[in-house]
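Engineer: A single structure is presented below for examination.
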Amino acid sequence: MDRRFFVAGSAALAVGALTAGDDAMATAPSNARKNFGDIAPALADYTDKVLFGDLWERPNLSPRDRSLVTVTALIALYRHNELPFHLKRALENGVTKDEIVETITHLAFYGGWPVANTALPIARKAFEEAAK
């Protein structure tokens with residue numbers, strides 16, 4: 001696929017999602033709107049409507065599977081700032097503590113020991129918070 005077509009199509013999808021409107025999102029500020037909507041309102045809208053409103057709702061992967069894929073990517077790419085949110089979401093979407101720990105163990109060999117060692121204390125904290 002021609003990259004220009006993909007980028008143009010993605011931009012059109014994002015603009016379409018932004019203009020569609022969503023009463024629920026307008027009444028209850030999302031995490032994106034609370035965290036950075038004041039400085040980057042367009043990014044907050046893309047986060048709400050395209051990422052979580054469209055991509056996460058596609059039918060070919062369950063929310064549970066999307067969470068496992070997302071957690072795996074965040075760990076492997078050393079994106080630990082986003083990891084606590086997505087670990088919580090993974091647990092809410094039915095990924096078990098044992099599955100998360102096994103994923104981290106598996107990634108020690110494919111992503112490297114440092115990414116696994118960094119992910120473990122973050123996971124431990126997410127598990128403790130989920131147990132409250």
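Chain labels follow the order of the structure tokens: the first chain is A, the next B, and so on; residue numbering restarts at 1 in every chain, and ligands are counted from 1 in their shown order.
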Excluding same-chain residues fewer than 3 positions from A:Leu68, what lies within 12 Å of it counting only C-alpha atoms, as a ChimeraX atom specification?
Structural biologist: /A:61-65,71-75,83,86-97,99-104
Engineer: The selected residues should be written to file as a PDB file, in the first residue's frame (atoms: C-alpha atoms).
Structural biologist:
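Once written, out_13.pdb looks like this:
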```
ATOM      1  CA  LEU A  61      -9.825  -8.682  18.394  1.00  0.00           C
ATOM      2  CA  SER A  62     -11.546  -8.784  21.750  1.00  0.00           C
ATOM      3  CA  PRO A  63     -10.762  -6.029  24.275  1.00  0.00           C
ATOM      4  CA  ARG A  64      -8.902  -8.692  26.281  1.00  0.00           C
ATOM      5  CA  ASP A  65      -6.677  -9.581  23.328  1.00  0.00           C
ATOM      6  CA  VAL A  71       0.787  -4.385  27.196  1.00  0.00           C
ATOM      7  CA  THR A  72       3.242  -6.548  25.268  1.00  0.00           C
ATOM      8  CA  ALA A  73       4.118  -3.712  22.885  1.00  0.00           C
ATOM      9  CA  LEU A  74       4.512  -1.184  25.707  1.00  0.00           C
ATOM     10  CA  ILE A  75       6.844  -3.507  27.607  1.00  0.00           C
ATOM     11  CA  LEU A  83       2.113   0.816  31.182  1.00  0.00           C
ATOM     12  CA  HIS A  86      -2.849  -0.337  30.245  1.00  0.00           C
ATOM     13  CA  LEU A  87      -2.073  -2.956  32.903  1.00  0.00           C
ATOM     14  CA  LYS A  88      -5.145  -1.771  34.834  1.00  0.00           C
ATOM     15  CA  ARG A  89      -7.193  -1.868  31.658  1.00  0.00           C
ATOM     16  CA  ALA A  90      -5.861  -5.357  30.829  1.00  0.00           C
ATOM     17  CA  LEU A  91      -6.967  -6.659  34.219  1.00  0.00           C
ATOM     18  CA  GLU A  92     -10.391  -5.037  33.715  1.00  0.00           C
ATOM     19  CA  ASN A  93     -10.589  -6.660  30.263  1.00  0.00           C
ATOM     20  CA  GLY A  94      -9.983 -10.147  31.668  1.00  0.00           C
ATOM     21  CA  VAL A  95      -6.226 -10.644  31.292  1.00  0.00           C
ATOM     22  CA  THR A  96      -5.074 -12.453  34.420  1.00  0.00           C
ATOM     23  CA  LYS A  97      -2.176 -11.574  36.667  1.00  0.00           C
ATOM     24  CA  GLU A  99      -0.875 -14.100  32.008  1.00  0.00           C
ATOM     25  CA  ILE A 100       0.718 -10.696  32.498  1.00  0.00           C
ATOM     26  CA  VAL A 101       3.613 -12.156  34.490  1.00  0.00           C
ATOM     27  CA  GLU A 102       4.101 -14.883  31.867  1.00  0.00           C
ATOM     28  CA  THR A 103       4.106 -12.227  29.140  1.00  0.00           C
ATOM     29  CA  ILE A 104       6.800 -10.287  30.988  1.00  0.00           C
TER      30      ILE A 104
END
```
Engineer: Which neighbours of A:Ala32 fall inside 9 Å, counting only C-alpha atoms, when residues of the same chain fewer than 2 positions from it are skipped, and could you give them as a ChimeraX atom specification?
Structural biologist: /A:29-30,34-37,41,43-45,47-48
Engineer: Which polymer residues have any atom within 8 Å of an atom of stretch 109-118 of chain A, counting only C-alpha atoms, with same-chain residues fewer than 2 positions away left out, as a list in words?
Structural biologist: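 Selected residues are Ile75, Ala76, Leu77, Tyr78, His80, Ile104, Thr105, His106, Leu107, Leu120, Pro121 and Ile122 of chain A.
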Engineer: For atom CA of A:Ala130 and atom CA of A:Arg33, determine how far apart the two atoms are, in Å to one decimal place.
Structural biologist: 23.6 Å
Engineer: Write down as a PDB file with N, CA and C atoms, in the first residue's frame the residues belonging to stretch 32-128 of chain A that are assigned alpha helix (DSSP H) by DSSP computed on the backbone.
Structural biologist:
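Result written to result16.pdb:
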```
ATOM      1  N   ALA A  32      -7.837  11.590  28.781  1.00  0.00           N
ATOM      2  CA  ALA A  32      -7.051  12.390  27.843  1.00  0.00           C
ATOM      3  C   ALA A  32      -7.403  13.871  27.984  1.00  0.00           C
ATOM      4  N   ARG A  33      -8.672  14.166  28.063  1.00  0.00           N
ATOM      5  CA  ARG A  33      -9.088  15.568  28.210  1.00  0.00           C
ATOM      6  C   ARG A  33      -8.599  16.153  29.528  1.00  0.00           C
ATOM      7  N   LYS A  34      -8.656  15.357  30.595  1.00  0.00           N
ATOM      8  CA  LYS A  34      -8.187  15.840  31.901  1.00  0.00           C
ATOM      9  C   LYS A  34      -6.676  16.030  31.914  1.00  0.00           C
ATOM     10  N   ASN A  35      -5.941  15.083  31.302  1.00  0.00           N
ATOM     11  CA  ASN A  35      -4.485  15.096  31.393  1.00  0.00           C
ATOM     12  C   ASN A  35      -3.800  16.076  30.448  1.00  0.00           C
ATOM     13  N   PHE A  36      -4.340  16.242  29.235  1.00  0.00           N
ATOM     14  CA  PHE A  36      -3.653  17.138  28.295  1.00  0.00           C
ATOM     15  C   PHE A  36      -4.591  17.860  27.338  1.00  0.00           C
ATOM     16  N   PRO A  41      -5.908  19.862  22.662  1.00  0.00           N
ATOM     17  CA  PRO A  41      -7.282  19.371  22.534  1.00  0.00           C
ATOM     18  C   PRO A  41      -7.493  18.431  21.352  1.00  0.00           C
ATOM     19  N   ALA A  42      -6.808  18.647  20.252  1.00  0.00           N
ATOM     20  CA  ALA A  42      -6.967  17.753  19.098  1.00  0.00           C
ATOM     21  C   ALA A  42      -6.436  16.360  19.430  1.00  0.00           C
ATOM     22  N   LEU A  43      -5.302  16.281  20.106  1.00  0.00           N
ATOM     23  CA  LEU A  43      -4.758  14.977  20.486  1.00  0.00           C
ATOM     24  C   LEU A  43      -5.695  14.267  21.464  1.00  0.00           C
ATOM     25  N   ALA A  44      -6.292  15.011  22.375  1.00  0.00           N
ATOM     26  CA  ALA A  44      -7.263  14.410  23.295  1.00  0.00           C
ATOM     27  C   ALA A  44      -8.460  13.860  22.516  1.00  0.00           C
ATOM     28  N   ASP A  45      -8.932  14.606  21.516  1.00  0.00           N
ATOM     29  CA  ASP A  45     -10.042  14.132  20.693  1.00  0.00           C
ATOM     30  C   ASP A  45      -9.662  12.883  19.908  1.00  0.00           C
ATOM     31  N   PRO A  63     -11.475  -6.979  23.413  1.00  0.00           N
ATOM     32  CA  PRO A  63     -10.762  -6.029  24.275  1.00  0.00           C
ATOM     33  C   PRO A  63      -9.660  -6.703  25.089  1.00  0.00           C
ATOM     34  N   ARG A  64      -9.909  -7.944  25.530  1.00  0.00           N
ATOM     35  CA  ARG A  64      -8.902  -8.692  26.281  1.00  0.00           C
ATOM     36  C   ARG A  64      -7.638  -8.897  25.439  1.00  0.00           C
ATOM     37  N   ASP A  65      -7.822  -9.342  24.201  1.00  0.00           N
ATOM     38  CA  ASP A  65      -6.677  -9.581  23.328  1.00  0.00           C
ATOM     39  C   ASP A  65      -5.970  -8.282  22.966  1.00  0.00           C
ATOM     40  N   ARG A  66      -6.733  -7.221  22.728  1.00  0.00           N
ATOM     41  CA  ARG A  66      -6.122  -5.919  22.447  1.00  0.00           C
ATOM     42  C   ARG A  66      -5.287  -5.452  23.631  1.00  0.00           C
ATOM     43  N   SER A  67      -5.798  -5.686  24.833  1.00  0.00           N
ATOM     44  CA  SER A  67      -5.034  -5.308  26.023  1.00  0.00           C
ATOM     45  C   SER A  67      -3.728  -6.080  26.115  1.00  0.00           C
ATOM     46  N   LEU A  68      -3.772  -7.380  25.856  1.00  0.00           N
ATOM     47  CA  LEU A  68      -2.552  -8.187  25.926  1.00  0.00           C
ATOM     48  C   LEU A  68      -1.541  -7.738  24.871  1.00  0.00           C
ATOM     49  N   VAL A  69      -2.020  -7.459  23.669  1.00  0.00           N
ATOM     50  CA  VAL A  69      -1.129  -6.957  22.612  1.00  0.00           C
ATOM     51  C   VAL A  69      -0.531  -5.604  23.015  1.00  0.00           C
ATOM     52  N   THR A  70      -1.362  -4.731  23.553  1.00  0.00           N
ATOM     53  CA  THR A  70      -0.904  -3.394  23.936  1.00  0.00           C
ATOM     54  C   THR A  70       0.122  -3.461  25.056  1.00  0.00           C
ATOM     55  N   VAL A  71      -0.156  -4.239  26.086  1.00  0.00           N
ATOM     56  CA  VAL A  71       0.787  -4.385  27.196  1.00  0.00           C
ATOM     57  C   VAL A  71       2.108  -4.960  26.689  1.00  0.00           C
ATOM     58  N   THR A  72       2.033  -5.947  25.821  1.00  0.00           N
ATOM     59  CA  THR A  72       3.242  -6.548  25.268  1.00  0.00           C
ATOM     60  C   THR A  72       4.065  -5.516  24.504  1.00  0.00           C
ATOM     61  N   ALA A  73       3.403  -4.736  23.659  1.00  0.00           N
ATOM     62  CA  ALA A  73       4.118  -3.712  22.885  1.00  0.00           C
ATOM     63  C   ALA A  73       4.730  -2.659  23.802  1.00  0.00           C
ATOM     64  N   LEU A  74       3.989  -2.211  24.799  1.00  0.00           N
ATOM     65  CA  LEU A  74       4.512  -1.184  25.707  1.00  0.00           C
ATOM     66  C   LEU A  74       5.732  -1.689  26.465  1.00  0.00           C
ATOM     67  N   ILE A  75       5.696  -2.939  26.895  1.00  0.00           N
ATOM     68  CA  ILE A  75       6.844  -3.507  27.607  1.00  0.00           C
ATOM     69  C   ILE A  75       8.038  -3.626  26.661  1.00  0.00           C
ATOM     70  N   ALA A  76       7.823  -4.224  25.497  1.00  0.00           N
ATOM     71  CA  ALA A  76       8.921  -4.467  24.555  1.00  0.00           C
ATOM     72  C   ALA A  76       9.552  -3.166  24.065  1.00  0.00           C
ATOM     73  N   LEU A  83       2.346   2.186  30.715  1.00  0.00           N
ATOM     74  CA  LEU A  83       2.113   0.816  31.182  1.00  0.00           C
ATOM     75  C   LEU A  83       1.135   0.704  32.353  1.00  0.00           C
ATOM     76  N   PRO A  84       1.200   1.538  33.383  1.00  0.00           N
ATOM     77  CA  PRO A  84       0.244   1.372  34.490  1.00  0.00           C
ATOM     78  C   PRO A  84      -1.219   1.455  34.039  1.00  0.00           C
ATOM     79  N   PHE A  85      -1.537   2.417  33.206  1.00  0.00           N
ATOM     80  CA  PHE A  85      -2.910   2.558  32.701  1.00  0.00           C
ATOM     81  C   PHE A  85      -3.341   1.308  31.950  1.00  0.00           C
ATOM     82  N   HIS A  86      -2.470   0.803  31.076  1.00  0.00           N
ATOM     83  CA  HIS A  86      -2.849  -0.337  30.245  1.00  0.00           C
ATOM     84  C   HIS A  86      -2.818  -1.663  31.010  1.00  0.00           C
ATOM     85  N   LEU A  87      -2.007  -1.762  32.047  1.00  0.00           N
ATOM     86  CA  LEU A  87      -2.073  -2.956  32.903  1.00  0.00           C
ATOM     87  C   LEU A  87      -3.408  -2.989  33.645  1.00  0.00           C
ATOM     88  N   LYS A  88      -3.837  -1.859  34.168  1.00  0.00           N
ATOM     89  CA  LYS A  88      -5.145  -1.771  34.834  1.00  0.00           C
ATOM     90  C   LYS A  88      -6.257  -2.134  33.863  1.00  0.00           C
ATOM     91  N   ARG A  89      -6.178  -1.585  32.676  1.00  0.00           N
ATOM     92  CA  ARG A  89      -7.193  -1.868  31.658  1.00  0.00           C
ATOM     93  C   ARG A  89      -7.168  -3.350  31.272  1.00  0.00           C
ATOM     94  N   ALA A  90      -5.977  -3.934  31.171  1.00  0.00           N
ATOM     95  CA  ALA A  90      -5.861  -5.357  30.829  1.00  0.00           C
ATOM     96  C   ALA A  90      -6.546  -6.218  31.884  1.00  0.00           C
ATOM     97  N   LEU A  91      -6.315  -5.908  33.151  1.00  0.00           N
ATOM     98  CA  LEU A  91      -6.967  -6.659  34.219  1.00  0.00           C
ATOM     99  C   LEU A  91      -8.484  -6.500  34.133  1.00  0.00           C
ATOM    100  N   GLU A  92      -8.944  -5.287  33.866  1.00  0.00           N
ATOM    101  CA  GLU A  92     -10.391  -5.037  33.715  1.00  0.00           C
ATOM    102  C   GLU A  92     -10.965  -5.779  32.508  1.00  0.00           C
ATOM    103  N   LYS A  97      -3.488 -11.903  36.109  1.00  0.00           N
ATOM    104  CA  LYS A  97      -2.176 -11.574  36.667  1.00  0.00           C
ATOM    105  C   LYS A  97      -1.132 -12.569  36.162  1.00  0.00           C
ATOM    106  N   ASP A  98      -1.478 -13.858  36.178  1.00  0.00           N
ATOM    107  CA  ASP A  98      -0.540 -14.892  35.719  1.00  0.00           C
ATOM    108  C   ASP A  98      -0.178 -14.711  34.246  1.00  0.00           C
ATOM    109  N   GLU A  99      -1.150 -14.327  33.437  1.00  0.00           N
ATOM    110  CA  GLU A  99      -0.875 -14.100  32.008  1.00  0.00           C
ATOM    111  C   GLU A  99       0.045 -12.902  31.813  1.00  0.00           C
ATOM    112  N   ILE A 100      -0.151 -11.870  32.601  1.00  0.00           N
ATOM    113  CA  ILE A 100       0.718 -10.696  32.498  1.00  0.00           C
ATOM    114  C   ILE A 100       2.140 -11.042  32.919  1.00  0.00           C
ATOM    115  N   VAL A 101       2.276 -11.754  34.025  1.00  0.00           N
ATOM    116  CA  VAL A 101       3.613 -12.156  34.490  1.00  0.00           C
ATOM    117  C   VAL A 101       4.285 -13.067  33.472  1.00  0.00           C
ATOM    118  N   GLU A 102       3.537 -13.992  32.894  1.00  0.00           N
ATOM    119  CA  GLU A 102       4.101 -14.883  31.867  1.00  0.00           C
ATOM    120  C   GLU A 102       4.525 -14.098  30.625  1.00  0.00           C
ATOM    121  N   THR A 103       3.744 -13.091  30.270  1.00  0.00           N
ATOM    122  CA  THR A 103       4.106 -12.227  29.140  1.00  0.00           C
ATOM    123  C   THR A 103       5.417 -11.504  29.413  1.00  0.00           C
ATOM    124  N   ILE A 104       5.558 -10.981  30.614  1.00  0.00           N
ATOM    125  CA  ILE A 104       6.800 -10.287  30.988  1.00  0.00           C
ATOM    126  C   ILE A 104       7.973 -11.256  30.959  1.00  0.00           C
ATOM    127  N   THR A 105       7.783 -12.450  31.489  1.00  0.00           N
ATOM    128  CA  THR A 105       8.841 -13.459  31.473  1.00  0.00           C
ATOM    129  C   THR A 105       9.237 -13.800  30.040  1.00  0.00           C
ATOM    130  N   HIS A 106       8.258 -13.997  29.187  1.00  0.00           N
ATOM    131  CA  HIS A 106       8.512 -14.306  27.779  1.00  0.00           C
ATOM    132  C   HIS A 106       9.291 -13.170  27.111  1.00  0.00           C
ATOM    133  N   LEU A 107       8.904 -11.936  27.424  1.00  0.00           N
ATOM    134  CA  LEU A 107       9.570 -10.784  26.814  1.00  0.00           C
ATOM    135  C   LEU A 107      11.000 -10.590  27.299  1.00  0.00           C
ATOM    136  N   ALA A 108      11.341 -11.165  28.431  1.00  0.00           N
ATOM    137  CA  ALA A 108      12.734 -11.077  28.889  1.00  0.00           C
ATOM    138  C   ALA A 108      13.672 -11.662  27.841  1.00  0.00           C
ATOM    139  N   PHE A 109      13.191 -12.674  27.116  1.00  0.00           N
ATOM    140  CA  PHE A 109      14.018 -13.327  26.111  1.00  0.00           C
ATOM    141  C   PHE A 109      13.911 -12.665  24.738  1.00  0.00           C
ATOM    142  N   TYR A 110      12.751 -12.113  24.427  1.00  0.00           N
ATOM    143  CA  TYR A 110      12.555 -11.506  23.111  1.00  0.00           C
ATOM    144  C   TYR A 110      12.745 -10.002  23.105  1.00  0.00           C
ATOM    145  N   TRP A 113      16.241  -8.412  28.957  1.00  0.00           N
ATOM    146  CA  TRP A 113      16.094  -8.462  30.408  1.00  0.00           C
ATOM    147  C   TRP A 113      15.716  -7.110  30.993  1.00  0.00           C
ATOM    148  N   PRO A 114      16.307  -6.013  30.531  1.00  0.00           N
ATOM    149  CA  PRO A 114      15.950  -4.716  31.129  1.00  0.00           C
ATOM    150  C   PRO A 114      14.472  -4.355  30.996  1.00  0.00           C
ATOM    151  N   VAL A 115      13.848  -4.664  29.852  1.00  0.00           N
ATOM    152  CA  VAL A 115      12.430  -4.311  29.724  1.00  0.00           C
ATOM    153  C   VAL A 115      11.577  -5.143  30.673  1.00  0.00           C
ATOM    154  N   ALA A 116      11.939  -6.403  30.862  1.00  0.00           N
ATOM    155  CA  ALA A 116      11.194  -7.259  31.790  1.00  0.00           C
ATOM    156  C   ALA A 116      11.394  -6.788  33.225  1.00  0.00           C
ATOM    157  N   ASN A 117      12.617  -6.491  33.585  1.00  0.00           N
ATOM    158  CA  ASN A 117      12.908  -6.035  34.943  1.00  0.00           C
ATOM    159  C   ASN A 117      12.248  -4.693  35.253  1.00  0.00           C
ATOM    160  N   THR A 118      12.101  -3.849  34.258  1.00  0.00           N
ATOM    161  CA  THR A 118      11.417  -2.574  34.451  1.00  0.00           C
ATOM    162  C   THR A 118       9.913  -2.781  34.583  1.00  0.00           C
ATOM    163  N   ALA A 119       9.366  -3.725  33.826  1.00  0.00           N
ATOM    164  CA  ALA A 119       7.925  -3.963  33.833  1.00  0.00           C
ATOM    165  C   ALA A 119       7.440  -4.630  35.125  1.00  0.00           C
ATOM    166  N   LEU A 120       8.261  -5.459  35.748  1.00  0.00           N
ATOM    167  CA  LEU A 120       7.803  -6.214  36.917  1.00  0.00           C
ATOM    168  C   LEU A 120       7.344  -5.343  38.088  1.00  0.00           C
ATOM    169  N   PRO A 121       8.118  -4.353  38.518  1.00  0.00           N
ATOM    170  CA  PRO A 121       7.613  -3.534  39.630  1.00  0.00           C
ATOM    171  C   PRO A 121       6.381  -2.706  39.248  1.00  0.00           C
ATOM    172  N   ILE A 122       6.277  -2.328  37.994  1.00  0.00           N
ATOM    173  CA  ILE A 122       5.094  -1.602  37.537  1.00  0.00           C
ATOM    174  C   ILE A 122       3.884  -2.527  37.591  1.00  0.00           C
ATOM    175  N   ALA A 123       4.067  -3.772  37.170  1.00  0.00           N
ATOM    176  CA  ALA A 123       2.986  -4.756  37.228  1.00  0.00           C
ATOM    177  C   ALA A 123       2.608  -5.047  38.678  1.00  0.00           C
ATOM    178  N   ARG A 124       3.600  -5.201  39.528  1.00  0.00           N
ATOM    179  CA  ARG A 124       3.322  -5.472  40.950  1.00  0.00           C
ATOM    180  C   ARG A 124       2.427  -4.370  41.530  1.00  0.00           C
ATOM    181  N   LYS A 125       2.754  -3.129  41.236  1.00  0.00           N
ATOM    182  CA  LYS A 125       1.956  -2.005  41.745  1.00  0.00           C
ATOM    183  C   LYS A 125       0.541  -2.036  41.159  1.00  0.00           C
ATOM    184  N   ALA A 126       0.415  -2.344  39.877  1.00  0.00           N
ATOM    185  CA  ALA A 126      -0.910  -2.442  39.239  1.00  0.00           C
ATOM    186  C   ALA A 126      -1.733  -3.548  39.890  1.00  0.00           C
ATOM    187  N   PHE A 127      -1.100  -4.675  40.198  1.00  0.00           N
ATOM    188  CA  PHE A 127      -1.809  -5.785  40.854  1.00  0.00           C
ATOM    189  C   PHE A 127      -2.271  -5.381  42.245  1.00  0.00           C
ATOM    190  N   GLU A 128      -1.395  -4.691  42.978  1.00  0.00           N
ATOM    191  CA  GLU A 128      -1.753  -4.255  44.327  1.00  0.00           C
ATOM    192  C   GLU A 128      -2.919  -3.264  44.295  1.00  0.00           C
TER     193      GLU A 128
END
```
Engineer: So how many Å separate atom CA of A:Asn31 and atom CA of A:Phe52, to one decimal?
Structural biologist: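 Atom CA of A:Phe52 lies 11.3 Å from atom CA of A:Asn31.
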